[in-house]
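Undergrad: Pasting in a structure now, in structure tokens, and then I'll have a few things to ask.
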Amino acid sequence: SPTPHQSTRLLSPHPIRAAHRAAPSRMSSRVHFLSTPLSQLAPNASRYEIRFSAPDSSTLSTLWLVWAAFGLLSTLATGILILAIFSSRKARASAFNLYLAGLAFPDFFNGANSTLVALLNYSKGAYWSEAVCEWQNFFVVFGFTGSFWMNALVAFEVYKMLRMTRKLESYMAPSRRTVLLRCMMVYAFACFMASWGLWGVIPMKVQLHRGALCLANETSAESALFFWAFAAFWTSGLPIMIALFVGVMTWYNRLLPTKAELAAVAEATSWNVVEAGKKRRQCRRAKQAREISLYFIRIFICLLLWFPTTVCYFDLRSVLPLFIASTWCFCQAIVQVLTSLTKHDVCEAVCDLMLCRLCRPSTVAPTGHTMSLAEQVGIEMSV
């Protein structure tokens with residue numbers, strides 16, 4: 001039998017280790033990391049108990065594997081688009097193409113991290129850790145906020161171009177440095193919004209939602225009021241209001257030229273050479289403004305594919321709506337990239353990147369042939 005001293009050691013573990021195990025960690029106070037099996041959920045369970053429930057491990061593994069596959073496709077699509085724009089001299093010369101790359105970066109960041117987290121969870125057969133839980137909440141909120149605010153930024157720039165074109169004023173696109181600086185400001189604001197769940201001072205708390213993914217969600221009436229009145233307003237509500245205001249003002253002031261107006265300007269004849277030149281320039285600028293506006297309108301429509309994620313905040317016992325909504329987020333990025341390829345110079349840049357034609361040989365005149373001034377100007381403009 002053990003001696004009294006040995007019995008004391010067996011019954012009373014090391015005091016420092018015992019205190020370390022008993023004291024709750026600082027991260028645990030910020031993260032709700034416990035899940036109740038869905039089979040043990042009471043029929044009259046509250047909305048918060050439903051959120052903390054989780055399906056069986058095989059269902060979770062299937063969810064993570066599918067999310068990893070779609071996240072990888074989203075990452076590849078957005079990464080190729082960004083790399084193609086910055087690697088093409090012609091594509092990156094346009095400020096709107098740089099804005100397009102800035103639009104794709106939040107989706108790229110979200111897709112890459114989502115793929116990594118899903119693979120980690122799938123390899124373990126359970127959610128990886130509390131630290132990964134907090135990180136997932138950060139990059140999901142960053143991608144969500146960054147996408148909405150980048151669209152608002154581009155909408156304002158398109159509105160400025162249409163307004164100046166309608167007034168027959170010369171529109172100067174922002175420089176590359178200005179575009180990159182504005183994008184960095186949006187990303188900094190998105191990081192600020194995404195870090196709220198890490199402070200531990202707001203009513204909302206990062207929680208393991210249905211055992212599959214981590215999001216900052218309300219846990220009481222106070223936190224619900226904070227989320228819908230403050231957090232949701234600054235992440236998506238305000239940029240949506242800005243984009244809608246720009247659209248309404250564009251329609252009300254008739255800033256978007258119609259095809260009939262373009263045809264009327266193009267068919268107008270004048271015996272004055274100067275006047276005819278002005279009309280040609282007016283028609284060309286109006287046509288370019290219309291093409292760019294319709295192009296980004298299609299991009300804005302793709303943003304609506306984010307809205308199915310709101311099902312995460314509805315308390316449904318079935319995990320299928322959450323699975324479909326989260327998978328649809330990756331499809332949103334893929335559809336946005338495919339829509340971006342409708343712009344000729346962007347499509348050409350992507351084709352050059354995929355076919356390794358980034359370094360094209362310079363055009364050289366044949367021996368014994370002297371190029372005219374028009375040919376030299378054409379070559380320079382094509383480059």
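If you're wondering about the labels, chains in the structure tokens are A, B, ... by order shown, residues count from 1 in each chain, ligands from 1 in order shown.
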When DSSP is applied to the backbone of this structure, which of range 26-196 of chain A are assigned helix (DSSP H, G or I)? Write them out as JSON, numbers by chain.

TA: {"A": [38, 39, 40, 47, 48, 49, 50, 51, 57, 58, 59, 60, 61, 62, 63, 64, 65, 66, 67, 68, 69, 70, 71, 72, 73, 74, 75, 76, 77, 78, 79, 80, 81, 82, 83, 84, 85, 86, 87, 89, 90, 91, 92, 95, 96, 97, 98, 99, 100, 101, 102, 103, 104, 105, 106, 107, 108, 109, 110, 111, 112, 113, 114, 115, 116, 117, 118, 119, 120, 121, 122, 123, 124, 130, 131, 132, 133, 134, 135, 136, 137, 138, 139, 140, 141, 142, 143, 144, 145, 146, 147, 148, 149, 150, 151, 152, 153, 154, 155, 156, 157, 158, 159, 160, 161, 162, 163, 164, 165, 166, 176, 177, 178, 179, 180, 181, 182, 183, 184, 185, 186, 187, 188, 189, 190, 191, 192, 193, 194, 196]}

Undergrad: Name the residues in contact with Trp64 in chain A at a cut-off of 8 Å, using only C-alpha atoms, excluding same-chain residues fewer than 5 positions from it; report them as a CSV table (one decimal) with C-alpha atoms, in the first residue's frame.

TA:
chain,number,residue,atom,x,y,z
A,118,ALA,CA,-11.2,22.7,-44.0
A,119,LEU,CA,-8.3,20.3,-44.7
A,121,ASN,CA,-10.4,19.8,-39.8
A,122,TYR,CA,-10.9,16.9,-42.2
A,212,ALA,CA,-18.4,23.2,-38.7

Undergrad: Please, what distance in Å, to one decimal, runs between CA of Cys183 in chain A and CA of Leu76 in chain A?

TA: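 Here the two named atoms are 21.1 Å from each other.
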
Undergrad: Write down as a ChimeraX atom specification the residues belonging to range 60-276 of chain A that are assigned strand (DSSP E) by DSSP computed on the backbone.

TA: /A:205-209,213-217

Undergrad: Can you pull out the residues contacting Val319 in chain A? Cut-off 12 Å, using only C-alpha atoms, and skip same-chain residues under 2 positions away; I want them as a list in words.

TA: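 Counting only the stated atoms, we get Leu38, Ile50, Arg51, Phe52, Ser53, Ala54, Pro55, Asp56, Thr59, Leu60, Thr62, Leu63, His209, Arg210, Gly211, Ala212, Leu213, Val311, Cys312, Phe314, Asp315, Leu316, Arg317, Pro321, Leu322, Phe323, Ile324, Ala325 and Ser326 of chain A.
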
Undergrad: Compare A:Thr219, A:Gly143, A:Ser170, A:Glu157 by their minimum atom-to-atom distance to Ala188 in chain A, counting only C-alpha atoms, and give me the closest one.

TA: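 Closest to Ala188 in chain A, using only C-alpha atoms: A:Gly143.
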
Undergrad: Which of these, A:Ala243, A:Ser39, A:Leu208, A:Phe330, has the shortest distance to Asn113 in chain A once you count only C-alpha atoms?

TA: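 Among the listed residues, A:Phe330 lies closest to Asn113 in chain A.
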
Undergrad: Using only C-alpha atoms, which residue out of A:Gln332, A:Ser195, A:Gln40, A:Gln207 lies closest to Thr75 in chain A?

TA: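 The closest residue to Thr75 in chain A is A:Gln332.
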
Undergrad: Between CA of Ser74 in chain A and CA of Gly247 in chain A, what distance in Å does the model show, to one decimal?

TA: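 Distance between the two atoms: 28.4 Å.
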
Undergrad: Would you kindly return, as a PyMOL selection string, each protein, DNA or RNA residue with an atom no farther than 10 Å from any atom of Gln136 in chain A, considering only C-alpha atoms and excluding same-chain residues fewer than 5 positions away?

TA: chain A and resi 110+113-114+117+130-131+141-142+194+206+213-216

Undergrad: Report as an MDAnalysis selection string all protein, DNA and RNA residues lying within 10 Å of Cys191 in chain A, evaluated on only C-alpha atoms, omitting residues in the same chain fewer than 5 positions from it.

TA: chainID A and resid 138:139 141:143 145:146 185:186 196

Undergrad: Within 7 Å of Arg166 in chain A, counting only C-alpha atoms, which residues qualify if same-chain residues fewer than 3 places away don't, as a tab-separated table (two decimals) with N, CA and C atoms, in the first residue's frame?

TA:
chain	number	residue	atom	x	y	z
A	162	LEU	N	-19.18	58.63	-65.26
A	162	LEU	CA	-20.40	58.88	-66.03
A	162	LEU	C	-20.84	60.34	-65.92
A	163	ARG	N	-20.72	60.92	-64.74
A	163	ARG	CA	-21.15	62.30	-64.55
A	163	ARG	C	-20.28	63.27	-65.37
A	255	LEU	N	-27.41	59.34	-66.53
A	255	LEU	CA	-25.98	59.44	-66.83
A	255	LEU	C	-25.50	58.32	-67.74

Undergrad: Which one is closest to Lys90 in chain A: A:Ala231, A:Leu320, A:Leu72, A:Cys347? Count only C-alpha atoms.

TA: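 For Lys90 in chain A, the nearest of the candidates is A:Cys347.
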
Undergrad: Which residue is closest to Phe96 in chain A? Choose from A:Pro174, A:Gly237, A:Pro43, A:Gly200 and count only C-alpha atoms.

TA: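 The shortest atom-to-atom distance to Phe96 in chain A comes from A:Pro174.
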
Undergrad: Which residues are near Met204 in chain A? Cut-off 6 Å, only C-alpha atoms, ignore same chain within fewer than 5 positions. Put them as a list in words.

TA: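 The residues satisfying every condition are Asn217, Glu218 and Ser223 of chain A.
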
Undergrad: Just the selected residues (all heavy atoms), exported as a PDB file, in the first residue's frame, please.

TA:
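part.pdb written:
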ATOM      1  N   ASN A 217     -21.194  35.628 -33.468  1.00  0.00           N
ATOM      2  CA  ASN A 217     -22.643  35.591 -33.515  1.00  0.00           C
ATOM      3  C   ASN A 217     -23.211  36.083 -32.202  1.00  0.00           C
ATOM      4  O   ASN A 217     -22.502  36.118 -31.181  1.00  0.00           O
ATOM      5  CB  ASN A 217     -23.131  34.170 -33.810  1.00  0.00           C
ATOM      6  CG  ASN A 217     -24.412  34.160 -34.615  1.00  0.00           C
ATOM      7  OD1 ASN A 217     -25.220  35.073 -34.501  1.00  0.00           O
ATOM      8  ND2 ASN A 217     -24.591  33.126 -35.427  1.00  0.00           N
ATOM      9  N   GLU A 218     -24.491  36.434 -32.214  1.00  0.00           N
ATOM     10  CA  GLU A 218     -25.104  36.906 -30.987  1.00  0.00           C
ATOM     11  C   GLU A 218     -25.412  35.735 -30.065  1.00  0.00           C
ATOM     12  O   GLU A 218     -25.739  34.631 -30.517  1.00  0.00           O
ATOM     13  CB  GLU A 218     -26.368  37.700 -31.277  1.00  0.00           C
ATOM     14  CG  GLU A 218     -27.527  36.886 -31.818  1.00  0.00           C
ATOM     15  CD  GLU A 218     -27.568  36.868 -33.331  1.00  0.00           C
ATOM     16  OE1 GLU A 218     -26.533  37.186 -33.938  1.00  0.00           O
ATOM     17  OE2 GLU A 218     -28.628  36.536 -33.874  1.00  0.00           O
ATOM     18  N   SER A 223     -26.518  41.234 -27.510  1.00  0.00           N
ATOM     19  CA  SER A 223     -25.581  41.018 -28.607  1.00  0.00           C
ATOM     20  C   SER A 223     -26.287  41.003 -29.960  1.00  0.00           C
ATOM     21  O   SER A 223     -25.713  41.419 -30.971  1.00  0.00           O
ATOM     22  CB  SER A 223     -24.821  39.711 -28.397  1.00  0.00           C
ATOM     23  OG  SER A 223     -25.724  38.612 -28.331  1.00  0.00           O
TER      24      SER A 223
END

Undergrad: Work out how far apart CA of Gly71 in chain A and CA of Ser94 in chain A are and give it in Å to one decimal.

TA: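 Computing it gives 28.8 Å between the two atoms.
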